[in-house]
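K.L.:
Contents of my_file_29.cif (mmCIF, C-alpha atoms and all ligand atoms) are given next:
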```cif
data_run
loop_
_atom_site.label_atom_id
_atom_site.label_comp_id
_atom_site.auth_asym_id
_atom_site.auth_seq_id
_atom_site.Cartn_x
_atom_site.Cartn_y
_atom_site.Cartn_z
CA MET A 1 0.00 0.00 0.00
CA HIS A 2 1.39 3.36 -0.97
CA LYS A 3 -1.09 5.56 0.80
CA SER A 4 -3.13 4.90 3.87
CA PRO A 5 -6.45 3.71 2.36
CA ASP A 6 -8.42 4.74 5.46
CA GLU A 7 -7.80 8.40 4.78
CA TYR A 8 -9.59 8.19 1.48
CA LEU A 9 -13.14 7.80 0.33
CA LEU A 10 -11.96 5.87 -2.71
CA TYR A 11 -8.75 3.93 -2.85
CA CYS A 12 -7.67 2.00 -5.96
CA GLU A 13 -4.37 0.25 -6.36
CA ASP A 14 -3.35 -1.59 -9.51
CA VAL A 15 -6.96 -1.82 -10.61
CA THR A 16 -7.51 -3.48 -13.95
CA LYS A 17 -10.81 -4.06 -15.70
CA ALA A 18 -11.07 -6.31 -18.72
CA TYR A 19 -13.98 -7.60 -20.75
CA GLY A 20 -12.81 -10.96 -22.01
CA SER A 21 -9.40 -10.37 -23.56
CA LYS A 22 -9.98 -6.62 -23.96
CA VAL A 23 -8.28 -4.68 -21.19
CA VAL A 24 -10.16 -1.41 -20.71
CA LEU A 25 -8.54 0.02 -17.58
CA GLU A 26 -5.04 -1.00 -16.57
CA ASP A 27 -3.11 -0.41 -13.37
CA ILE A 28 -5.27 2.38 -12.07
CA ASP A 29 -3.86 3.91 -8.89
CA LEU A 30 -6.20 6.45 -7.42
CA ALA A 31 -6.85 7.86 -3.97
CA VAL A 32 -9.64 10.39 -3.60
CA LYS A 33 -10.55 12.26 -0.42
CA HIS A 34 -14.11 12.66 0.75
CA LYS A 35 -15.89 15.81 -0.54
CA GLU A 36 -13.66 16.06 -3.56
CA PHE A 37 -15.39 17.11 -6.79
CA CYS A 38 -13.53 14.86 -9.15
CA THR A 39 -14.08 15.42 -12.85
CA VAL A 40 -13.14 12.64 -15.27
CA VAL A 41 -12.29 13.26 -18.91
CA GLY A 42 -10.75 11.23 -21.71
CA PRO A 43 -11.24 10.11 -25.30
CA SER A 44 -14.36 8.18 -26.23
CA GLY A 45 -14.05 4.53 -25.24
CA CYS A 46 -11.22 5.08 -22.73
CA GLY A 47 -13.28 3.62 -19.90
CA LYS A 48 -14.82 6.56 -18.03
CA SER A 49 -18.25 4.96 -17.72
CA THR A 50 -16.58 1.68 -16.83
CA LEU A 51 -14.76 3.39 -13.95
CA LEU A 52 -18.06 4.81 -12.68
CA ARG A 53 -19.72 1.39 -12.86
CA LEU A 54 -16.87 -0.05 -10.81
CA ILE A 55 -17.22 2.67 -8.17
CA LEU A 56 -20.98 2.13 -8.14
CA GLY A 57 -20.38 -1.56 -7.47
CA GLN A 58 -22.39 -2.54 -10.53
CA GLU A 59 -19.37 -4.33 -11.97
CA ARG A 60 -16.37 -6.06 -10.44
CA ILE A 61 -12.75 -5.15 -11.01
CA SER A 62 -10.71 -7.84 -12.79
CA SER A 63 -7.71 -7.45 -10.50
CA GLY A 64 -6.21 -5.08 -7.96
CA THR A 65 -7.63 -3.42 -4.87
CA MET A 66 -10.61 -1.10 -4.74
CA LEU A 67 -11.89 0.22 -1.43
CA ILE A 68 -14.58 2.66 -0.43
CA ASP A 69 -14.14 4.07 3.05
CA GLY A 70 -11.47 1.43 3.57
CA ALA A 71 -13.72 -1.53 2.72
CA ALA A 72 -14.00 -3.63 -0.42
CA LEU A 73 -17.17 -2.96 -2.33
CA HIS A 74 -19.35 -5.78 -3.56
CA GLN A 75 -22.59 -4.31 -4.80
CA PRO A 76 -24.45 -1.04 -5.28
CA SER A 77 -25.47 0.70 -2.08
CA PRO A 78 -27.71 3.70 -1.34
CA ASP A 79 -24.46 5.35 -0.28
CA ARG A 80 -23.63 5.81 -3.94
CA GLY A 81 -26.09 7.42 -6.32
CA ILE A 82 -25.79 7.83 -10.06
CA VAL A 83 -27.16 10.30 -12.59
CA TYR A 84 -26.90 9.46 -16.30
CA GLN A 85 -27.00 11.65 -19.38
CA LYS A 86 -30.52 10.62 -20.21
CA TYR A 87 -32.65 9.52 -17.37
CA SER A 88 -36.02 7.98 -18.01
CA LEU A 89 -38.51 9.13 -15.43
CA PHE A 90 -41.73 7.21 -14.86
CA PRO A 91 -44.04 8.90 -17.41
CA HIS A 92 -47.28 8.19 -15.52
CA LEU A 93 -46.02 9.62 -12.21
CA THR A 94 -45.83 13.29 -11.29
CA ILE A 95 -42.47 14.87 -10.59
CA LEU A 96 -43.05 14.63 -6.85
CA GLU A 97 -44.08 10.96 -7.15
CA ASN A 98 -41.05 10.25 -9.30
CA ILE A 99 -38.80 11.52 -6.55
CA MET A 100 -40.67 9.56 -3.90
CA ALA A 101 -40.63 6.39 -5.99
CA GLY A 102 -36.96 5.51 -5.58
CA LYS A 103 -37.11 5.95 -1.86
CA GLN A 104 -40.31 3.93 -1.58
CA LEU A 105 -38.93 1.08 -3.67
CA SER A 106 -36.04 0.75 -1.28
CA GLN A 107 -38.34 0.32 1.72
CA PRO A 108 -40.33 -2.70 2.85
CA LEU A 109 -44.03 -2.63 2.00
CA TRP A 110 -45.26 -2.11 5.57
CA LYS A 111 -43.21 1.04 5.84
CA LYS A 112 -44.41 2.53 2.57
CA PHE A 113 -47.81 3.58 3.85
CA SER A 114 -46.79 4.81 7.27
CA THR A 115 -44.06 6.96 5.85
CA ARG A 116 -45.87 8.33 2.82
CA LYS A 117 -46.44 11.77 4.26
CA THR A 118 -42.86 12.02 5.46
CA ALA A 119 -41.64 10.85 2.06
CA ARG A 120 -43.75 13.53 0.37
CA ASP A 121 -42.34 16.23 2.65
CA GLU A 122 -38.82 15.03 2.09
CA ALA A 123 -39.29 14.85 -1.69
CA MET A 124 -40.47 18.47 -1.59
CA VAL A 125 -37.26 19.49 0.19
CA TYR A 126 -35.15 17.99 -2.60
CA LEU A 127 -37.40 19.45 -5.28
CA GLU A 128 -36.70 22.83 -3.72
CA SER A 129 -32.98 22.10 -3.77
CA VAL A 130 -33.15 21.65 -7.53
CA GLN A 131 -35.51 24.62 -7.90
CA LEU A 132 -38.49 22.65 -9.12
CA ALA A 133 -40.90 23.00 -6.22
CA GLU A 134 -43.54 24.77 -8.29
CA HIS A 135 -43.52 21.94 -10.84
CA ALA A 136 -44.18 19.15 -8.33
CA ALA A 137 -47.56 18.19 -9.79
CA LYS A 138 -46.47 18.15 -13.43
CA TYR A 139 -45.67 15.05 -15.45
CA PRO A 140 -42.23 14.43 -17.03
CA HIS A 141 -43.37 15.21 -20.59
CA GLN A 142 -44.31 18.70 -19.42
CA LEU A 143 -40.71 19.48 -18.41
CA SER A 144 -37.68 20.60 -20.43
CA GLY A 145 -34.55 18.45 -20.63
CA GLY A 146 -32.77 20.54 -18.00
CA MET A 147 -35.72 20.22 -15.64
CA GLN A 148 -35.84 16.45 -16.16
CA GLN A 149 -32.15 16.22 -15.26
CA ARG A 150 -32.86 18.20 -12.11
CA VAL A 151 -35.52 15.63 -11.22
CA ALA A 152 -32.94 12.89 -11.73
CA ILE A 153 -30.53 14.73 -9.42
CA ALA A 154 -33.24 15.10 -6.76
CA GLN A 155 -33.99 11.37 -7.09
CA ALA A 156 -30.36 10.63 -6.31
CA LEU A 157 -30.18 13.18 -3.47
CA ILE A 158 -33.18 11.81 -1.58
CA MET A 159 -31.19 8.62 -0.94
CA HIS A 160 -28.59 10.74 0.93
CA PRO A 161 -25.62 9.42 -1.04
CA ARG A 162 -22.12 10.01 0.25
CA VAL A 163 -20.91 9.63 -3.31
CA LEU A 164 -22.67 10.98 -6.37
CA LEU A 165 -21.61 9.54 -9.71
CA MET A 166 -22.55 11.57 -12.76
CA ASP A 167 -22.03 10.28 -16.29
CA GLU A 168 -22.26 13.20 -18.72
CA PRO A 169 -25.31 14.46 -16.87
CA PHE A 170 -25.54 17.69 -18.84
CA GLY A 171 -24.48 16.22 -22.19
CA ALA A 172 -27.89 16.60 -23.80
CA LEU A 173 -28.57 20.16 -22.64
CA ASP A 174 -28.17 23.39 -24.58
CA PRO A 175 -25.24 25.65 -23.50
CA GLY A 176 -27.30 28.15 -21.48
CA THR A 177 -29.14 25.48 -19.52
CA ARG A 178 -25.88 23.66 -19.06
CA GLU A 179 -24.22 26.62 -17.39
CA THR A 180 -27.19 27.06 -15.04
CA MET A 181 -26.94 23.37 -14.16
CA GLN A 182 -23.21 23.69 -13.49
CA LEU A 183 -23.85 26.38 -10.91
CA LEU A 184 -26.67 24.34 -9.41
CA ILE A 185 -24.56 21.22 -8.98
CA LEU A 186 -21.80 23.24 -7.27
CA GLU A 187 -24.38 24.61 -4.87
CA ILE A 188 -25.74 21.12 -4.15
CA TRP A 189 -22.27 19.65 -3.72
CA GLU A 190 -21.45 22.30 -1.17
CA LYS A 191 -24.78 22.02 0.64
CA TYR A 192 -24.78 18.23 1.01
CA GLY A 193 -21.03 17.68 1.42
CA MET A 194 -20.76 14.75 -1.00
CA THR A 195 -17.93 13.32 -3.04
CA ILE A 196 -18.73 13.70 -6.72
CA PHE A 197 -17.29 11.83 -9.69
CA PHE A 198 -18.38 13.68 -12.78
CA VAL A 199 -17.67 12.40 -16.30
CA THR A 200 -17.91 14.90 -19.11
CA HIS A 201 -16.79 15.33 -22.72
CA ASP A 202 -16.63 19.06 -22.20
CA LEU A 203 -13.18 20.05 -20.93
CA GLU A 204 -14.33 23.53 -20.06
CA GLU A 205 -17.06 22.05 -17.88
CA ALA A 206 -14.57 19.66 -16.26
CA VAL A 207 -12.04 22.36 -15.38
CA PHE A 208 -14.76 24.71 -14.19
CA LEU A 209 -16.55 22.27 -11.90
CA GLY A 210 -13.84 20.10 -10.43
CA THR A 211 -11.57 20.47 -7.43
CA ARG A 212 -9.55 17.75 -9.14
CA ILE A 213 -9.43 16.54 -12.74
CA LEU A 214 -8.47 13.04 -13.86
CA VAL A 215 -7.49 12.55 -17.48
CA ILE A 216 -7.87 8.92 -18.53
CA SER A 217 -6.47 7.82 -21.86
CA GLN A 218 -5.49 4.85 -23.97
CA PHE A 219 -3.01 7.04 -25.86
CA TYR A 220 0.34 6.55 -24.12
CA ILE A 221 3.50 4.48 -24.42
CA HIS A 222 3.50 1.49 -22.10
CA GLU A 223 6.58 0.71 -20.01
CA THR A 224 6.87 -2.85 -21.19
CA LYS A 225 4.26 -3.64 -23.81
CA PRO A 226 5.32 -2.99 -27.42
CA PRO A 227 3.18 -0.50 -29.41
CA GLU A 228 1.52 -3.23 -31.50
CA GLU A 229 0.18 -4.89 -28.38
CA SER A 230 -2.95 -3.23 -27.03
CA HIS A 231 -3.04 -1.92 -23.50
CA GLY A 232 -5.70 -0.53 -21.21
CA SER A 233 -6.26 3.13 -20.36
CA ARG A 234 -4.47 4.79 -17.46
CA ILE A 235 -4.70 8.05 -15.60
CA VAL A 236 -2.34 10.12 -17.73
CA ALA A 237 -2.80 13.42 -15.91
CA ASP A 238 -4.17 14.39 -12.53
CA TYR A 239 -4.41 18.04 -11.47
CA LYS A 240 -5.65 19.88 -8.47
CA LEU A 241 -8.12 22.60 -9.51
CA ASN A 242 -9.58 25.55 -7.66
CA ASP A 243 -11.53 24.62 -4.56
CA ASN A 244 -14.44 26.75 -5.57
CA ALA A 245 -15.46 28.36 -8.80
CA TYR A 246 -18.72 30.10 -8.30
CA SER A 247 -18.36 32.62 -11.05
CA THR A 248 -18.38 31.53 -14.65
CA ARG A 249 -16.03 34.47 -15.36
CA VAL A 250 -13.07 32.22 -14.52
CA LYS A 251 -13.74 30.47 -17.85
CA GLN A 252 -12.45 33.57 -19.65
CA THR A 253 -9.06 33.66 -17.91
CA ALA A 254 -5.80 32.73 -19.63
CA ALA A 255 -4.85 30.06 -17.08
CA PHE A 256 -8.19 28.33 -17.58
CA GLY A 257 -7.73 28.18 -21.34
CA GLU A 258 -4.12 27.00 -21.07
CA LEU A 259 -5.00 24.09 -18.80
CA ILE A 260 -7.66 22.97 -21.27
CA GLN A 261 -5.10 23.06 -24.08
CA THR A 262 -2.61 21.04 -22.02
CA ILE A 263 -5.21 18.41 -21.16
CA ARG A 264 -6.33 18.14 -24.76
CA TYR A 265 -2.71 17.64 -25.78
CA GLU A 266 -1.86 15.14 -23.05
CA GLY A 267 -4.92 12.95 -23.22
CA PHE A 268 -6.87 13.33 -26.42
CA ASN A 269 -4.47 13.27 -29.33
CA PRO A 270 -3.76 9.78 -30.71
CA GLU A 271 -0.65 11.23 -32.40
CA VAL A 272 0.82 12.49 -29.13
CA LYS A 273 1.80 9.66 -26.85
CA GLN A 274 3.46 10.35 -23.57
CA ASN A 275 5.74 7.84 -22.02
CA ALA A 276 4.11 6.29 -18.95
CA HIS A 277 7.01 7.60 -16.85
CA ASP A 278 6.18 11.18 -17.77
CA PHE A 279 2.50 11.40 -16.86
CA ASN A 280 1.55 14.69 -15.30
CA LEU A 281 0.35 13.35 -11.98
CA THR A 282 0.79 16.54 -10.02
CA HIS A 283 -2.09 16.17 -7.54
CA SER A 284 -0.75 15.54 -4.04
CA ASP A 285 -2.94 12.43 -3.63
CA SER A 286 -1.68 10.94 -6.85
CA PHE A 287 0.59 7.88 -6.71
CA VAL A 288 1.96 5.22 -9.00
CA THR A 289 2.69 1.62 -8.08
CA TYR A 290 3.49 0.27 -11.50
CA VAL A 291 6.32 2.27 -13.01
CA GLY A 292 9.74 0.78 -12.32
CA GLU A 293 8.45 -1.81 -9.91
CA LYS A 294 7.62 -4.75 -12.11
N1 LIG B 301 -20.06 -4.86 -20.98
C1 LIG B 301 -19.05 -4.70 -21.84
N2 LIG B 301 -18.58 -5.74 -22.56
C2 LIG B 301 -17.56 -5.59 -23.40
N3 LIG B 301 -16.92 -4.43 -23.63
C3 LIG B 301 -17.34 -3.35 -22.95
C4 LIG B 301 -18.42 -3.43 -22.03
N4 LIG B 301 -18.61 -2.19 -21.50
C5 LIG B 301 -17.69 -1.41 -22.08
N5 LIG B 301 -16.93 -2.09 -22.94
C6 LIG B 301 -15.80 -1.56 -23.72
O1 LIG B 301 -14.95 -0.90 -22.83
C7 LIG B 301 -14.42 0.27 -23.42
C8 LIG B 301 -14.68 1.46 -22.52
O2 LIG B 301 -16.07 1.73 -22.52
P1 LIG B 301 -16.68 2.95 -21.69
O3 LIG B 301 -18.13 2.97 -22.01
O4 LIG B 301 -16.30 2.84 -20.28
O5 LIG B 301 -15.93 4.19 -22.34
P2 LIG B 301 -16.19 5.74 -22.11
O6 LIG B 301 -14.89 6.36 -21.80
O7 LIG B 301 -17.30 5.94 -21.15
O8 LIG B 301 -16.63 6.21 -23.58
P3 LIG B 301 -17.64 7.38 -24.02
O9 LIG B 301 -16.87 8.66 -23.85
O10 LIG B 301 -17.88 7.10 -25.46
O11 LIG B 301 -18.84 7.31 -23.15
C9 LIG B 301 -15.03 0.38 -24.79
O12 LIG B 301 -14.11 -0.12 -25.72
C10 LIG B 301 -16.23 -0.51 -24.72
O13 LIG B 301 -16.51 -1.06 -25.97
MG MG B 302 -19.17 6.72 -21.26
#
```
Just dump the structure as structure tokens.
Ligand SMILES: Nc1ncnc2c1ncn2[C@@H]1O[C@H](COP(=O)(O)OP(=O)(O)OP(=O)(O)O)[C@@H](O)[C@H]1O
Ligand SMILES: [Mg+2]
P.N.:
Amino acid sequence: MHKSPDEYLLYCEDVTKAYGSKVVLEDIDLAVKHKEFCTVVGPSGCGKSTLLRLILGQERISSGTMLIDGAALHQPSPDRGIVYQKYSLFPHLTILENIMAGKQLSQPLWKKFSTRKTARDEAMVYLESVQLAEHAAKYPHQLSGGMQQRVAIAQALIMHPRVLLMDEPFGALDPGTRETMQLLILEIWEKYGMTIFFVTHDLEEAVFLGTRILVISQFYIHETKPPEESHGSRIVADYKLNDNAYSTRVKQTAAFGELIQTIRYEGFNPEVKQNAHDFNLTHSDSFVTYVGEK
């Protein structure tokens, strides 16, 4: 062990995930502190969604160590919620009922009736958090895409997750709505004190939202494997970002633009391959077990 796993919400050492003979993620070393807002970027197919599924406990790692709060994870738990790009709400339920539904499903039948009023009150609290209180009685088809995503966020929040996993949650929204949602998720993150893993294709969004950015890529030169042999993706860059960015003005600054250029260069260009020894793992929680040891 290179770090003390107990200090971290998520601790991965030498994690590999393969589907059959195809190695998707290879030797992932990652330690993330609680309440970090970790954004995850990388070329299409590099394994971002796979990483989220592993953290969710929906899929098992192929080898290595993966701990949440110091313990191995075996299955999904209400501790970890997920919001996808396109969430299908129950069309025949109102927004309020949609938010109550997840919570009710997770409870035994005898409890459902006795706690219905409480559940309704609680659902209203989360609807307010996502600024949808006045739409509680509407049906999903009456809401815009951005509003539907806010319902999905409230559905996750009502389970009181310690970890919120978001897989391109704003990917289908128009730019204006997207920016509003970015500010909303920062507010929610701060209010509820969660750890967030947020996958996005939009580098600007990733640098704006995160307190830490992980760049995952299949484009690098392996220490031992020859170029013709395929290898899995690794974390090729890991930066600490600002702890809070509550004004979108930061997006116009030179430093902001330069970091985006660097990340695009380091992780997204199949023509530019860094040597695994030279990855830009500058975050203080970053560590490497593989290089030079095997
Ligand atoms: N269940 C599966 N069985 C086999 N291969 C899979 C499975 N799930 C994912 N893969 C493969 O793993 C690789 C990584 O997929 P993943 O969906 O994690 O990538 P991603 O980074 O999320 O991509 P995108 O940016 O396009 O969403 C892909 O090559 C994909 O084909
Ligand atoms: Mg994906």
K.L.:
Could I get the residue neighbourhood of ligand MG 302 (chain B) at 8 Å, counting all atoms listed in the file, as a PyMOL selection string?
P.N.:
chain A and resi 44-45+47-50+167-168+199
K.L.:
Using only C-alpha atoms and all ligand atoms, determine which residues fall within 12 Å of ligand LIG 301 (chain B), then list them as number ranges by chain.
P.N.:
A: 16-26, 40-54, 58-60, 84-85, 166-169, 171, 198-202, 215-218, 230-234, 268
K.L.:
In Å, with one decimal, what is the gap from atom CA of Asp238 of chain A to atom CA of Lys191 of chain A?
P.N.:
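Computing the Euclidean distance for atom CA of Asp238 of chain A and atom CA of Lys191 of chain A yields 25.6 Å.
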K.L.:
Kindly give the distance, in Å, that separates atom CA of Asp27 of chain A and atom CA of Gln261 of chain A, rounded to a single decimal.
P.N.:
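That distance, rounded to one decimal, is 25.9 Å.
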K.L.:
Rounded to one decimal in Å, what is the spacing between atom CA of Phe90 of chain A and atom CA of Leu73 of chain A?
P.N.:
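Computing the Euclidean distance for atom CA of Phe90 of chain A and atom CA of Leu73 of chain A yields 29.4 Å.
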K.L.:
For Tyr220 of chain A, please output as a list in words all residues within 8 Å (counting only C-alpha atoms; exclusion window: fewer than 5 positions along the same chain).
P.N.:
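So, after excluding close chain neighbours, the residues are Val236, Val272, Lys273, Gln274, Asn275 and Ala276 of chain A.
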K.L.:
Write out all heavy atoms for segment 274-285 of chain A, as a compact mmCIF listing (two decimals), in the coordinates of the input.
P.N.:
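Output file selection-v1.txt is given in full below:
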```txt
# COMPACT_ATOMS: atom_id res chain seq x y z
N GLN A 274 2.47 10.15 -24.63
CA GLN A 274 3.46 10.35 -23.57
C GLN A 274 3.97 9.00 -23.10
O GLN A 274 3.23 8.01 -23.08
CB GLN A 274 2.79 10.96 -22.35
CG GLN A 274 2.23 12.33 -22.52
CD GLN A 274 1.76 12.79 -21.15
OE1 GLN A 274 2.53 13.30 -20.37
NE2 GLN A 274 0.48 12.57 -20.88
N ASN A 275 5.19 9.01 -22.66
CA ASN A 275 5.74 7.84 -22.02
C ASN A 275 5.10 7.71 -20.63
O ASN A 275 4.90 8.71 -19.95
CB ASN A 275 7.25 8.06 -21.88
CG ASN A 275 7.96 6.76 -21.66
OD1 ASN A 275 7.67 6.08 -20.68
ND2 ASN A 275 8.85 6.44 -22.57
N ALA A 276 4.78 6.49 -20.24
CA ALA A 276 4.11 6.29 -18.95
C ALA A 276 4.89 6.88 -17.77
O ALA A 276 4.32 7.23 -16.75
CB ALA A 276 3.86 4.81 -18.72
N HIS A 277 6.21 7.03 -17.94
CA HIS A 277 7.01 7.60 -16.85
C HIS A 277 6.80 9.11 -16.71
O HIS A 277 7.16 9.70 -15.70
CB HIS A 277 8.51 7.35 -17.09
CG HIS A 277 8.86 5.91 -17.07
ND1 HIS A 277 9.00 5.20 -15.90
CD2 HIS A 277 9.08 5.03 -18.07
CE1 HIS A 277 9.29 3.94 -16.19
NE2 HIS A 277 9.34 3.81 -17.49
N ASP A 278 6.25 9.72 -17.75
CA ASP A 278 6.18 11.18 -17.77
C ASP A 278 4.78 11.74 -17.53
O ASP A 278 4.53 12.91 -17.78
CB ASP A 278 6.68 11.70 -19.14
CG ASP A 278 8.09 11.22 -19.43
OD1 ASP A 278 8.86 11.09 -18.46
OD2 ASP A 278 8.40 10.96 -20.61
N PHE A 279 3.86 10.90 -17.09
CA PHE A 279 2.50 11.40 -16.86
C PHE A 279 2.53 12.56 -15.88
O PHE A 279 3.32 12.58 -14.93
CB PHE A 279 1.61 10.29 -16.28
CG PHE A 279 1.28 9.19 -17.25
CD1 PHE A 279 0.88 7.96 -16.77
CD2 PHE A 279 1.36 9.38 -18.62
CE1 PHE A 279 0.56 6.93 -17.64
CE2 PHE A 279 1.04 8.36 -19.51
CZ PHE A 279 0.64 7.12 -19.01
N ASN A 280 1.61 13.49 -16.13
CA ASN A 280 1.55 14.69 -15.30
C ASN A 280 0.65 14.46 -14.09
O ASN A 280 -0.47 14.94 -14.03
CB ASN A 280 1.00 15.82 -16.17
CG ASN A 280 1.80 17.08 -15.99
OD1 ASN A 280 2.47 17.25 -14.96
ND2 ASN A 280 1.72 17.96 -16.96
N LEU A 281 1.16 13.70 -13.15
CA LEU A 281 0.35 13.35 -11.98
C LEU A 281 0.73 14.27 -10.83
O LEU A 281 1.41 13.88 -9.89
CB LEU A 281 0.58 11.88 -11.62
CG LEU A 281 0.36 10.90 -12.79
CD1 LEU A 281 0.72 9.47 -12.39
CD2 LEU A 281 -1.08 10.96 -13.29
N THR A 282 0.30 15.53 -10.95
CA THR A 282 0.79 16.54 -10.02
C THR A 282 -0.06 16.66 -8.75
O THR A 282 0.35 17.31 -7.80
CB THR A 282 0.86 17.92 -10.69
OG1 THR A 282 -0.45 18.24 -11.17
CG2 THR A 282 1.82 17.91 -11.87
N HIS A 283 -1.24 16.06 -8.74
CA HIS A 283 -2.09 16.17 -7.54
C HIS A 283 -1.39 15.48 -6.36
O HIS A 283 -0.79 14.41 -6.52
CB HIS A 283 -3.44 15.51 -7.81
CG HIS A 283 -4.45 15.87 -6.78
ND1 HIS A 283 -4.48 15.29 -5.53
CD2 HIS A 283 -5.45 16.78 -6.79
CE1 HIS A 283 -5.46 15.82 -4.83
NE2 HIS A 283 -6.07 16.73 -5.57
N SER A 284 -1.51 16.07 -5.18
CA SER A 284 -0.75 15.54 -4.04
C SER A 284 -1.24 14.16 -3.60
O SER A 284 -0.50 13.43 -2.93
CB SER A 284 -0.81 16.53 -2.88
OG SER A 284 -2.15 16.74 -2.52
N ASP A 285 -2.46 13.77 -3.97
CA ASP A 285 -2.94 12.43 -3.63
C ASP A 285 -2.61 11.39 -4.69
O ASP A 285 -2.94 10.21 -4.56
CB ASP A 285 -4.46 12.45 -3.41
CG ASP A 285 -4.83 13.14 -2.12
OD1 ASP A 285 -4.01 13.11 -1.18
OD2 ASP A 285 -5.93 13.72 -2.05
```
